[in-house]
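Raw run.txt, compact mmCIF, C-alpha atoms:
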# COMPACT_ATOMS: atom_id res chain seq x y z
CA MET A 4 9.32 -16.56 -14.68
CA ASP A 5 8.04 -14.73 -11.63
CA SER A 6 6.29 -16.38 -8.67
CA VAL A 7 2.78 -15.81 -10.03
CA GLU A 8 3.71 -17.38 -13.37
CA LEU A 9 5.28 -20.36 -11.62
CA GLU A 10 2.11 -20.73 -9.56
CA ALA A 11 -0.01 -20.65 -12.72
CA ALA A 12 2.28 -23.18 -14.44
CA VAL A 13 1.88 -25.59 -11.52
CA LYS A 14 -1.91 -25.21 -11.47
CA SER A 15 -2.12 -25.81 -15.22
CA GLY A 16 0.07 -28.92 -14.99
CA VAL A 17 2.91 -27.56 -17.15
CA ILE A 18 5.45 -28.22 -14.39
CA SER A 19 5.30 -30.15 -11.13
CA PRO A 20 5.33 -28.48 -7.71
CA GLU A 21 8.76 -30.03 -7.10
CA ILE A 22 10.23 -28.40 -10.22
CA ALA A 23 8.71 -25.04 -9.26
CA ARG A 24 10.22 -25.36 -5.80
CA ASP A 25 13.63 -26.20 -7.27
CA LEU A 26 13.44 -23.14 -9.55
CA ARG A 27 12.60 -20.90 -6.60
CA ASN A 28 15.42 -22.37 -4.54
CA PHE A 29 17.88 -21.94 -7.41
CA SER A 30 16.88 -18.28 -7.81
CA ALA A 31 17.27 -17.64 -4.08
CA GLU A 32 20.69 -19.29 -3.96
CA GLN A 33 21.89 -17.33 -7.01
CA ARG A 34 20.94 -14.06 -5.31
CA GLN A 35 22.12 -15.23 -1.88
CA THR A 36 18.88 -13.97 -0.40
CA PRO A 37 15.51 -15.65 0.17
CA LEU A 38 12.78 -14.68 -2.27
CA ALA A 39 10.56 -13.67 0.64
CA ASP A 40 13.11 -11.02 1.64
CA GLU A 41 13.17 -9.20 -1.69
CA GLU A 42 9.61 -7.82 -1.55
CA ARG A 43 9.44 -7.96 -5.30
CA PHE A 44 6.41 -6.53 -7.06
CA GLY A 45 5.74 -6.07 -10.73
CA LEU A 46 5.40 -2.51 -12.02
CA VAL A 47 6.70 -2.62 -15.59
CA GLY A 48 6.58 -5.74 -17.73
CA GLY A 49 8.77 -4.45 -20.55
CA LEU A 50 8.85 -1.78 -23.26
CA ALA A 51 5.72 -3.20 -24.88
CA ASP A 52 3.96 -2.71 -21.56
CA VAL A 53 5.17 0.90 -21.33
CA MET A 54 4.12 1.67 -24.89
CA THR A 55 0.68 0.13 -24.39
CA ALA A 56 0.18 2.00 -21.12
CA ALA A 57 1.19 5.31 -22.72
CA GLY A 58 -1.11 4.70 -25.69
CA LEU A 59 -4.08 3.87 -23.49
CA LEU A 60 -3.41 6.86 -21.25
CA LEU A 61 -3.46 9.19 -24.28
CA LEU A 62 -6.48 7.45 -25.77
CA LEU A 63 -8.62 7.47 -22.63
CA GLY A 64 -7.49 10.99 -21.71
CA GLY A 65 -8.37 12.21 -25.19
CA VAL A 66 -11.80 10.60 -25.02
CA ALA A 67 -12.46 12.23 -21.64
CA PHE A 68 -11.55 15.70 -22.96
CA ALA A 69 -13.39 15.21 -26.25
CA PHE A 70 -16.65 14.46 -24.44
CA ALA A 71 -16.09 16.83 -21.52
CA PHE A 72 -19.13 18.84 -22.61
CA LEU A 73 -21.22 15.72 -21.81
CA PRO A 74 -19.69 14.56 -18.51
CA LEU A 75 -22.01 11.58 -18.01
CA LEU A 76 -21.26 10.25 -21.49
CA ALA A 77 -17.51 10.74 -20.96
CA ILE A 78 -17.68 8.82 -17.68
CA VAL A 79 -19.61 5.95 -19.25
CA ILE A 80 -17.23 5.71 -22.23
CA VAL A 81 -14.09 5.72 -20.06
CA LEU A 82 -15.58 3.15 -17.66
CA GLY A 83 -16.62 0.83 -20.47
CA ALA A 84 -13.39 1.23 -22.46
CA SER A 85 -11.18 0.69 -19.39
CA TRP A 86 -13.04 -2.49 -18.50
CA ALA A 87 -12.98 -3.80 -22.07
CA PHE A 88 -9.25 -3.15 -22.49
CA ALA A 89 -8.60 -4.79 -19.09
CA GLU A 90 -10.26 -7.98 -20.34
CA HIS A 91 -7.41 -8.32 -22.82
CA PHE A 92 -4.40 -6.55 -21.32
CA THR A 93 -4.98 -7.51 -17.66
CA ARG A 94 -6.74 -10.88 -17.75
CA GLN A 95 -5.01 -12.34 -20.78
CA ARG A 96 -1.75 -10.46 -21.38
CA ARG A 97 -1.05 -9.65 -17.70
CA MET A 98 0.66 -6.36 -18.57
CA THR A 99 1.46 -4.82 -15.21
CA LEU A 100 1.87 -1.10 -15.94
CA THR A 101 -1.00 -1.20 -18.41
CA SER A 102 -3.18 -2.81 -15.74
CA PHE A 103 -2.37 0.03 -13.33
CA VAL A 104 -3.26 2.63 -15.97
CA LEU A 105 -6.55 0.92 -16.81
CA PHE A 106 -7.54 0.52 -13.18
CA GLY A 107 -6.58 4.13 -12.50
CA ALA A 108 -8.71 5.36 -15.41
CA PHE A 109 -11.61 3.19 -14.27
CA VAL A 110 -11.47 4.46 -10.69
CA VAL A 111 -10.96 8.12 -11.66
CA ALA A 112 -13.93 8.03 -14.00
CA ALA A 113 -16.07 6.43 -11.30
CA LEU A 114 -14.85 8.96 -8.72
CA VAL A 115 -15.84 11.88 -10.93
CA GLY A 116 -19.36 10.51 -11.07
CA LEU A 117 -19.47 9.72 -7.35
CA ILE A 118 -18.18 13.16 -6.38
CA SER A 119 -20.76 14.79 -8.62
CA VAL A 120 -23.45 12.94 -6.68
CA ALA A 121 -21.79 13.68 -3.35
CA ASN A 122 -21.68 17.41 -4.11
CA LEU A 123 -25.47 17.45 -4.05
CA PHE A 124 -25.07 17.43 -0.27
CA PRO A 125 -23.55 20.76 0.85
CA ALA A 126 -20.41 20.57 2.97
CA SER A 127 -20.22 22.26 6.33
CA GLY A 128 -16.78 23.78 5.70
CA GLY A 129 -13.72 24.04 3.49
CA TRP A 130 -10.65 21.83 3.22
CA PRO A 131 -8.33 22.93 6.05
CA GLY A 132 -5.09 24.43 4.78
CA SER A 133 -6.02 24.13 1.10
CA PRO A 134 -4.29 26.84 -1.00
CA PHE A 135 -7.00 26.50 -3.66
CA GLY A 136 -10.04 26.93 -1.47
CA TRP A 137 -11.26 23.39 -2.09
CA THR A 138 -14.53 22.46 -0.43
CA ALA A 139 -14.55 19.36 1.74
CA LEU A 140 -17.27 16.80 1.07
CA SER A 141 -20.10 16.57 3.54
CA PRO A 142 -20.07 13.47 5.81
CA LEU A 143 -22.88 11.91 3.77
CA GLY A 144 -21.16 12.82 0.51
CA ALA A 145 -17.86 11.31 1.70
CA LEU A 146 -19.74 8.16 2.72
CA ILE A 147 -21.23 7.89 -0.77
CA VAL A 148 -17.81 8.31 -2.42
CA SER A 149 -16.15 5.77 -0.09
CA PHE A 150 -18.91 3.20 -0.50
CA GLY A 151 -18.95 3.58 -4.28
CA THR A 152 -15.17 3.32 -4.51
CA ALA A 153 -15.17 0.21 -2.33
CA MET A 154 -17.81 -1.45 -4.52
CA ILE A 155 -16.20 -0.72 -7.89
CA SER A 156 -12.73 -1.65 -6.63
CA ALA A 157 -14.02 -4.91 -5.15
CA LEU A 158 -15.78 -5.70 -8.43
CA TYR A 159 -12.55 -5.00 -10.32
CA TRP A 160 -10.59 -7.23 -7.94
CA LEU A 161 -13.07 -10.11 -8.27
CA ARG A 162 -12.84 -9.96 -12.05
CA PHE A 163 -9.16 -9.22 -12.69
CA LYS A 164 -7.41 -10.20 -9.42
CA LEU A 165 -5.29 -7.05 -9.47
CA PRO A 166 -3.67 -6.76 -6.00
CA PHE A 167 -3.71 -2.96 -6.12
CA ALA A 168 -7.48 -3.08 -6.65
CA TYR A 169 -7.83 -5.17 -3.49
CA MET A 170 -5.90 -2.57 -1.50
CA THR A 171 -8.05 0.24 -2.91
CA ALA A 172 -11.23 -1.65 -2.02
CA ALA A 173 -9.99 -2.34 1.51
CA VAL A 174 -8.99 1.28 2.16
CA ALA A 175 -12.29 2.56 0.77
CA ALA A 176 -14.24 0.04 2.88
CA VAL A 177 -12.45 1.20 6.02
CA ASN A 178 -13.30 4.79 5.11
CA VAL A 179 -16.96 3.80 4.88
CA GLY A 180 -16.77 2.88 8.56
CA VAL A 181 -14.98 6.13 9.39
CA HIS A 182 -17.65 8.25 7.73
CA ILE A 183 -20.46 6.30 9.38
CA VAL A 184 -18.87 7.10 12.75
CA HIS A 185 -18.58 10.73 11.58
CA LEU A 186 -22.33 10.85 10.92
CA LEU A 187 -23.14 9.25 14.28
CA THR A 188 -20.73 11.38 16.37
CA PRO A 189 -20.41 14.76 14.62
CA ASN A 190 -18.99 16.48 17.72
CA ALA A 191 -16.12 14.08 18.46
CA SER A 192 -12.94 15.73 19.73
CA ALA A 193 -9.72 15.96 17.73
CA GLY A 194 -8.02 13.48 20.08
CA VAL A 195 -10.75 10.89 19.56
CA VAL A 196 -10.63 11.34 15.78
CA SER A 197 -6.83 11.03 15.73
CA PHE A 198 -6.94 7.87 17.83
CA MET A 199 -9.60 6.40 15.56
CA LEU A 200 -7.39 7.06 12.53
CA LEU A 201 -4.59 5.17 14.26
CA LEU A 202 -6.97 2.24 14.85
CA VAL A 203 -7.84 2.34 11.15
CA GLY A 204 -4.15 2.00 10.29
CA LEU A 205 -3.74 -0.90 12.71
CA TRP A 206 -6.76 -2.63 11.21
CA LEU A 207 -5.25 -2.31 7.72
CA PHE A 208 -2.00 -3.65 9.17
CA ALA A 209 -3.86 -6.66 10.58
CA ILE A 210 -5.37 -7.39 7.15
CA ALA A 211 -1.92 -7.12 5.57
CA MET A 212 -0.48 -9.53 8.14
CA TRP A 213 -3.30 -12.01 7.50
CA TRP A 214 -2.33 -12.15 3.83
CA ASP A 215 1.37 -12.29 4.70
CA MET A 216 0.94 -15.18 7.13
CA SER A 217 -0.99 -17.17 4.52
CA ASP A 218 2.11 -17.25 2.29
CA VAL A 219 5.22 -17.04 4.44
CA ARG A 220 7.50 -17.79 1.48
CA ARG A 221 5.90 -15.09 -0.68
CA GLU A 222 5.43 -17.29 -3.71
CA THR A 223 1.86 -16.42 -4.70
CA ARG A 224 -0.42 -13.47 -5.42
CA ARG A 225 -1.19 -13.34 -1.70
CA ALA A 226 2.22 -11.78 -1.10
CA ASP A 227 1.48 -9.09 -3.71
CA ILE A 228 -1.78 -8.23 -1.94
CA ALA A 229 0.08 -8.06 1.38
CA PHE A 230 2.70 -5.78 -0.17
CA TRP A 231 0.15 -3.14 -1.18
CA MET A 232 -1.81 -3.53 2.05
CA HIS A 233 1.38 -2.91 4.05
CA TRP A 234 1.99 0.29 2.10
CA ALA A 235 -1.51 1.54 2.89
CA ALA A 236 -1.21 0.47 6.52
CA GLY A 237 2.28 1.94 6.89
CA TYR A 238 1.18 5.31 5.56
CA GLN A 239 -1.86 5.40 7.85
CA VAL A 240 -0.12 4.13 10.99
CA ALA A 241 2.88 6.44 10.57
CA GLY A 242 0.77 9.47 9.71
CA ALA A 243 -1.73 8.94 12.54
CA SER A 244 1.02 8.21 15.07
CA PHE A 245 3.03 11.32 14.29
CA ARG A 246 -0.06 13.53 14.14
CA LEU A 247 -1.07 12.24 17.58
CA LEU A 248 2.44 12.85 18.85
CA LEU A 249 3.08 16.28 17.32
CA GLY A 250 -0.34 17.76 16.70
CA VAL A 251 -1.54 19.32 13.45
CA THR A 252 -0.67 22.70 11.98
CA GLY A 253 -3.56 25.11 12.41
CA GLY A 254 -5.00 23.23 15.36
CA SER A 255 -7.67 21.40 13.35
CA ALA A 256 -10.52 20.50 15.67
CA GLY A 257 -12.74 17.44 15.68
CA TRP A 258 -13.42 15.83 12.33
CA GLU A 259 -11.31 18.42 10.51
CA ARG A 260 -8.44 16.09 11.37
CA LEU A 261 -9.63 13.86 8.50
CA ASN A 262 -8.42 16.48 6.02
CA ALA A 263 -5.39 17.80 7.93
CA PHE A 264 -2.02 16.27 7.05
CA THR A 265 0.70 18.73 8.08
CA THR A 266 2.12 18.16 11.56
CA GLN A 267 3.59 20.72 13.91
CA PRO A 268 7.42 20.94 13.85
CA ALA A 269 9.04 18.51 16.27
CA ASP A 270 11.26 20.14 18.88
CA GLY A 271 12.85 19.09 22.14
CA GLY A 272 11.22 16.06 23.70
CA ALA A 273 8.86 15.64 20.74
CA ALA A 274 11.82 15.24 18.38
CA ILE A 275 13.31 12.55 20.65
CA ALA A 276 9.92 10.80 20.71
CA VAL A 277 9.82 10.86 16.91
CA ILE A 278 13.23 9.17 16.72
CA CYS A 279 12.15 6.55 19.27
CA LEU A 280 8.96 5.86 17.32
CA PHE A 281 11.04 5.47 14.15
CA ALA A 282 13.26 2.96 15.97
CA PHE A 283 10.14 1.00 16.92
CA PHE A 284 9.00 1.06 13.30
CA CYS A 285 12.43 -0.31 12.31
CA PHE A 286 11.98 -3.18 14.75
CA VAL A 287 8.50 -4.02 13.46
CA ALA A 288 9.66 -3.75 9.84
CA LEU A 289 12.48 -6.22 10.51
CA VAL A 290 10.16 -8.66 12.28
CA ILE A 291 7.56 -8.74 9.50
CA ASP A 292 10.14 -8.19 6.72
CA ARG A 293 8.30 -5.20 5.28
CA ARG A 294 9.91 -1.82 4.67
CA SER A 295 6.74 0.24 4.20
CA LEU A 296 6.66 1.57 7.77
CA LEU A 297 10.15 3.00 7.38
CA MET A 298 9.44 4.64 4.03
CA SER A 299 6.16 6.10 5.29
CA SER A 300 7.75 7.69 8.34
CA LEU A 301 10.78 9.35 6.71
CA ILE A 302 8.84 12.56 6.03
CA TYR A 303 8.53 13.01 9.80
CA VAL A 304 11.87 11.56 10.89
CA VAL A 305 14.20 13.72 8.78
CA PRO A 306 12.93 17.10 10.13
CA ALA A 307 12.89 15.73 13.69
CA THR A 308 16.50 14.55 13.37
CA ALA A 309 17.50 17.94 11.96
CA THR A 310 15.84 19.65 14.93
CA LEU A 311 17.92 17.60 17.34
CA MET A 312 21.07 18.60 15.46
CA GLY A 313 20.30 22.30 15.51
CA ALA A 314 18.21 24.94 13.81
CA LEU A 315 16.47 23.96 10.57
CA GLN A 316 19.03 25.38 8.15
CA SER A 317 20.15 24.04 4.79
CA THR A 318 23.48 22.76 6.17
CA THR A 319 21.74 20.89 8.98
CA MET A 320 19.18 19.39 6.61
CA THR A 321 21.96 18.31 4.24
CA ILE A 322 23.86 16.53 7.01
CA THR A 323 20.63 15.00 8.29
CA ALA A 324 19.75 13.73 4.82
CA MET A 325 23.23 12.18 4.52
CA LEU A 326 22.98 10.49 7.91
CA THR A 327 19.46 9.19 7.28
CA GLY A 328 20.39 8.01 3.79
CA GLY A 329 23.51 6.30 5.10
CA PHE A 330 21.49 4.54 7.78
CA LEU A 331 18.97 3.29 5.20
CA VAL A 332 21.73 2.04 2.90
CA VAL A 333 23.46 0.13 5.72
CA LEU A 334 20.14 -1.29 6.90
CA ALA A 335 19.27 -2.38 3.34
CA ALA A 336 22.70 -3.99 2.88
CA TYR A 337 22.52 -5.93 6.16
CA TRP A 338 18.75 -6.36 6.31
CA ARG A 339 18.86 -10.15 6.36
CA GLN A 340 21.50 -10.32 9.10
CA ALA A 341 19.69 -7.74 11.23
CA ARG A 342 16.43 -9.61 10.79
CA GLU A 343 17.98 -12.91 11.84
CA LEU A 344 19.24 -11.27 15.05
CA VAL A 345 15.75 -9.94 15.81
CA LEU A 346 13.98 -13.22 14.98
CA ALA A 347 16.38 -15.21 17.14
CA ARG A 348 14.88 -13.49 20.19
CA LEU A 349 11.28 -14.33 19.31
CA PRO A 350 9.39 -17.50 20.33
CA ASP A 351 9.22 -20.33 17.79
CA HIS A 352 5.43 -20.10 17.42
CA VAL A 353 5.78 -16.42 16.47
CA ARG A 354 8.59 -17.02 13.97
CA ALA A 355 6.51 -19.74 12.32
CA GLN A 356 3.98 -17.11 11.18
CA LEU A 357 6.58 -14.77 9.67
CA PRO A 358 8.38 -14.74 6.29
CA ARG A 359 11.16 -17.30 6.06
CA THR A 360 14.85 -16.47 6.04
CA ASP A 361 15.92 -19.84 4.55
CA LEU A 362 17.61 -19.77 1.17
CA SER A 363 15.98 -23.03 0.10
CA PHE A 364 13.16 -25.34 1.16
CA ALA A 365 13.04 -29.11 1.14
CA LYS A 366 9.31 -29.42 1.75
CA PRO A 367 6.32 -28.21 -0.29
CA ARG A 368 5.26 -24.63 0.34
CA PRO A 369 2.61 -24.18 3.05
CA VAL A 370 -0.13 -22.74 0.80
CA ALA A 371 -2.14 -24.26 -2.02

Turn this file's structure into structure tokens for me.
Amino acid sequence: MDSVELEAAVKSGVISPEIARDLRNFSAEQRQTPLADEERFGLVGGLADVMTAAGLLLLLGGVAFAFAFLPLLAIVIVLGASWAFAEHFTRQRRMTLTSFVLFGAFVVAALVGLISVANLFPASGGWPGSPFGWTALSPLGALIVSFGTAMISALYWLRFKLPFAYMTAAVAAVNVGVHIVHLLTPNASAGVVSFMLLLVGLWLFAIAMWWDMSDVRRETRRADIAFWMHWAAGYQVAGASFRLLLGVTGGSAGWERLNAFTTQPADGGAAIAVICLFAFFCFVALVIDRRSLLMSSLIYVVPATATLMGALQSTTMTITAMLTGGFLVVLAAYWRQARELVLARLPDHVRAQLPRTDLSFAKPRPVA
């Protein structure tokens, strides 16, 4: 049984909280690592889950193509079918991969409708750097899409309690604020926009930490929500930080930074700064026991490390990949020991808010 199932068993009275705690302690001692340190999250519940997810993907995709000549009808059918199937496979059966597929189909169908509405407002320019000539949404159109996505994702979360839906709703809600600022300050500079995007990432990080601190032993659904929120925050913080540090290819000005993702190559002092920033991310990741910051920043760190070692040639990139991979393997193998060294230097009142390193617990868990 996973942590969520144990939590449900306790709430339903099948087992006592003491038995659930003993089971968690036994599992941690068998693995020689605290459950909080594993950052486990469900993605596939078994072959039945995979088969159901594949079947629903083919079914919903086929329906969408069959009624493509009537887009509104196709959207309505996919929305209704996704919700109806989720009532059984998500609420009752708790099939993880199937739940992701159903939520994805629900959101994609809703997005198609929202983008159709948003395209009624002409955009002021194209998508910077797009090889396909995509047109960027107008500020008002982007606001409509963000607001709609936030609402449908929040509704999905309230009904099915899918942690990924919470993350989607939170990210979309933050984007609503970004696009409101865009409408109010259309002539903001690129530096201001980049700094605002960093603040957005830090705000998502704060939300993730709030969920993490409410379940420091990571035994409930709160930890699953925090996991996905940390991924969203890590991607945004790392991306915004490195774009601020390195600049963006093409010199995107003002609000074009919202759609620009490729950074300038790091060389010289910038490459050293990238490595230093990665080291800081390592420190933060160890403190909060989340690896998302490291994974989100690798796309910037590997080229910067290669630059420091020499020209960007295949041999240099190969050696860099080996060194970076070796570092990650060693860090993963000794994660717990490294984290204990870092936590030992923090005040007690700070450590009390962070995930536990204990293998077992004698007292009841600190959340209901």

What are the nearest atom pairs, with distances in Å to one decimal, for all residues of segment 143-228 of chain A that come at most 12 Å from segment 238-242 of chain A, using all atoms listed in the file, set out by chain and rising residue number as CSV?
residue,atom,partner,partner_atom,distance
A:Val174,CA,A:Gln239,CA,10.0
A:Val177,CA,A:Gln239,CA,11.5
A:Asn178,CA,A:Gln239,CA,11.8
A:Ser197,CA,A:Gly242,CA,9.8
A:Phe198,CA,A:Val240,CA,10.4
A:Met199,CA,A:Val240,CA,10.8
A:Leu200,CA,A:Gln239,CA,7.4
A:Leu201,CA,A:Val240,CA,5.6
A:Leu202,CA,A:Val240,CA,8.1
A:Val203,CA,A:Gln239,CA,7.5
A:Gly204,CA,A:Val240,CA,4.6
A:Leu205,CA,A:Val240,CA,6.4
A:Trp206,CA,A:Val240,CA,9.5
A:Leu207,CA,A:Gln239,CA,8.4
A:Phe208,CA,A:Val240,CA,8.2
A:Ala209,CA,A:Val240,CA,11.4

_Among the residues A:Val219, A:His352, A:Gly58, A:Arg162, the one that comes closest to Glu90 of chain A [using only C-alpha atoms]_ = A:Arg162

*Return the single residue from A:Phe167, A:Trp231, A:Tyr303, A:Phe284 that is closest to Phe106 of chain A, with distances computed using all atoms listed in the file.*
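Checking each candidate against Phe106 of chain A, we get A:Phe167 as the closest.
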
*Coordinates-based distance that separates atom CA of Ser85 of chain A from atom CA of Leu60 of chain A (Å, one decimal)*: 10.1 Å

*asked:* Please report the interatomic distance between atom CA of Ala153 of chain A and atom CA of Ala175 of chain A in Å with one decimal.
replied: 4.8 Å

*Measure the distance from atom CA of His185 of chain A to atom CA of Val148 of chain A in Å and round it to one decimal.*
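Going from atom CA of His185 of chain A over to atom CA of Val148 of chain A, I get 14.2 Å.
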
*Within 12 Å of file point (-13.8, -3.7, -16.0), counting all atoms listed in the file, expressed as a ChimeraX atom specification*: /A:79-94,102,105-110,112-113,155-165,168

*Of the candidates A:Thr327, A:Asp218, A:Ser15, A:Ala273, which one gets nearest to Gly250 of chain A if we count only C-alpha atoms?*
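The closest residue to Gly250 of chain A is A:Ala273.
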
*Excluding same-chain residues fewer than 2 positions from Thr55 of chain A, what lies within 9 Å of it counting only C-alpha atoms, as a PyMOL selection string?*
chain A and resi 50-53+57-60+92+98+100-101

*Choose the residue, out of A:Ile18, A:Leu26, A:Leu326, A:Val195, that has the smallest atom-to-atom separation from Glu222 of chain A; count all atoms listed in the file.*
A:Leu26

*Which one of A:Lys14, A:Gly64, A:Ala23, A:Arg97 sits closest to Leu46 of chain A if you count all atoms listed in the file?*
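Distance minimum relative to Leu46 of chain A lands on A:Arg97.
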
Please, what is the axis-aligned box for every listed atom of segment 82-90 of chain A with 5 Å on each side, as centre and edge lengths in Å to one decimal, as lines of an AutoDock Vina configuration file?
center_x = -12.6
center_y = -2.4
center_z = -20.1
size_x = 18.0
size_y = 21.1
size_z = 14.8

Produce segment 207-215 of chain A of the given structure as output with all heavy atoms, as a compact mmCIF listing (two decimals), in the first residue's frame.
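Result written to selection-v9.txt:
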# COMPACT_ATOMS: atom_id res chain seq x y z
N LEU A 207 5.64 30.36 -7.03
CA LEU A 207 5.29 28.95 -7.16
C LEU A 207 6.09 28.11 -6.17
O LEU A 207 5.57 27.14 -5.58
CB LEU A 207 5.55 28.46 -8.58
CG LEU A 207 4.65 29.05 -9.68
CD1 LEU A 207 5.14 28.58 -11.05
CD2 LEU A 207 3.20 28.64 -9.47
N PHE A 208 7.36 28.48 -5.98
CA PHE A 208 8.20 27.77 -5.01
C PHE A 208 7.64 27.93 -3.59
O PHE A 208 7.64 26.99 -2.80
CB PHE A 208 9.62 28.32 -5.10
CG PHE A 208 10.58 27.70 -4.13
CD1 PHE A 208 11.10 26.44 -4.36
CD2 PHE A 208 10.98 28.38 -2.98
CE1 PHE A 208 11.98 25.86 -3.47
CE2 PHE A 208 11.86 27.81 -2.09
CZ PHE A 208 12.37 26.55 -2.32
N ALA A 209 7.16 29.13 -3.27
CA ALA A 209 6.59 29.37 -1.94
C ALA A 209 5.34 28.51 -1.73
O ALA A 209 5.13 27.97 -0.63
CB ALA A 209 6.26 30.85 -1.78
N ILE A 210 4.50 28.39 -2.76
CA ILE A 210 3.32 27.54 -2.65
C ILE A 210 3.73 26.08 -2.43
O ILE A 210 3.16 25.37 -1.60
CB ILE A 210 2.44 27.67 -3.90
CG1 ILE A 210 1.93 29.10 -4.06
CG2 ILE A 210 1.27 26.69 -3.85
CD1 ILE A 210 1.19 29.34 -5.35
N ALA A 211 4.74 25.65 -3.18
CA ALA A 211 5.22 24.27 -3.03
C ALA A 211 5.74 24.02 -1.62
O ALA A 211 5.47 22.98 -1.02
CB ALA A 211 6.32 24.00 -4.06
N MET A 212 6.48 24.99 -1.08
CA MET A 212 7.01 24.84 0.28
C MET A 212 5.90 24.82 1.32
O MET A 212 5.99 24.14 2.34
CB MET A 212 8.00 25.97 0.58
CG MET A 212 9.33 25.83 -0.14
SD MET A 212 10.17 24.26 0.21
CE MET A 212 10.32 24.32 2.00
N TRP A 213 4.84 25.58 1.07
CA TRP A 213 3.71 25.58 2.01
C TRP A 213 3.11 24.18 2.11
O TRP A 213 2.82 23.68 3.20
CB TRP A 213 2.65 26.58 1.56
CG TRP A 213 1.50 26.70 2.52
CD1 TRP A 213 1.43 27.49 3.63
CD2 TRP A 213 0.26 25.98 2.47
NE1 TRP A 213 0.22 27.30 4.26
CE2 TRP A 213 -0.52 26.39 3.57
CE3 TRP A 213 -0.26 25.04 1.58
CZ2 TRP A 213 -1.78 25.88 3.82
CZ3 TRP A 213 -1.54 24.52 1.83
CH2 TRP A 213 -2.28 24.94 2.93
N TRP A 214 2.93 23.53 0.96
CA TRP A 214 2.41 22.16 0.98
C TRP A 214 3.41 21.20 1.59
O TRP A 214 3.04 20.29 2.35
CB TRP A 214 2.07 21.71 -0.45
CG TRP A 214 0.80 22.29 -0.97
CD1 TRP A 214 0.65 23.33 -1.83
CD2 TRP A 214 -0.53 21.86 -0.63
NE1 TRP A 214 -0.68 23.58 -2.06
CE2 TRP A 214 -1.42 22.70 -1.35
CE3 TRP A 214 -1.05 20.86 0.19
CZ2 TRP A 214 -2.81 22.54 -1.26
CZ3 TRP A 214 -2.43 20.71 0.27
CH2 TRP A 214 -3.29 21.55 -0.44
N ASP A 215 4.70 21.38 1.30
CA ASP A 215 5.73 20.51 1.86
C ASP A 215 5.78 20.62 3.38
O ASP A 215 5.90 19.62 4.09
CB ASP A 215 7.10 20.88 1.27
CG ASP A 215 7.66 19.75 0.41
OD1 ASP A 215 7.09 18.64 0.44
OD2 ASP A 215 8.67 19.97 -0.27
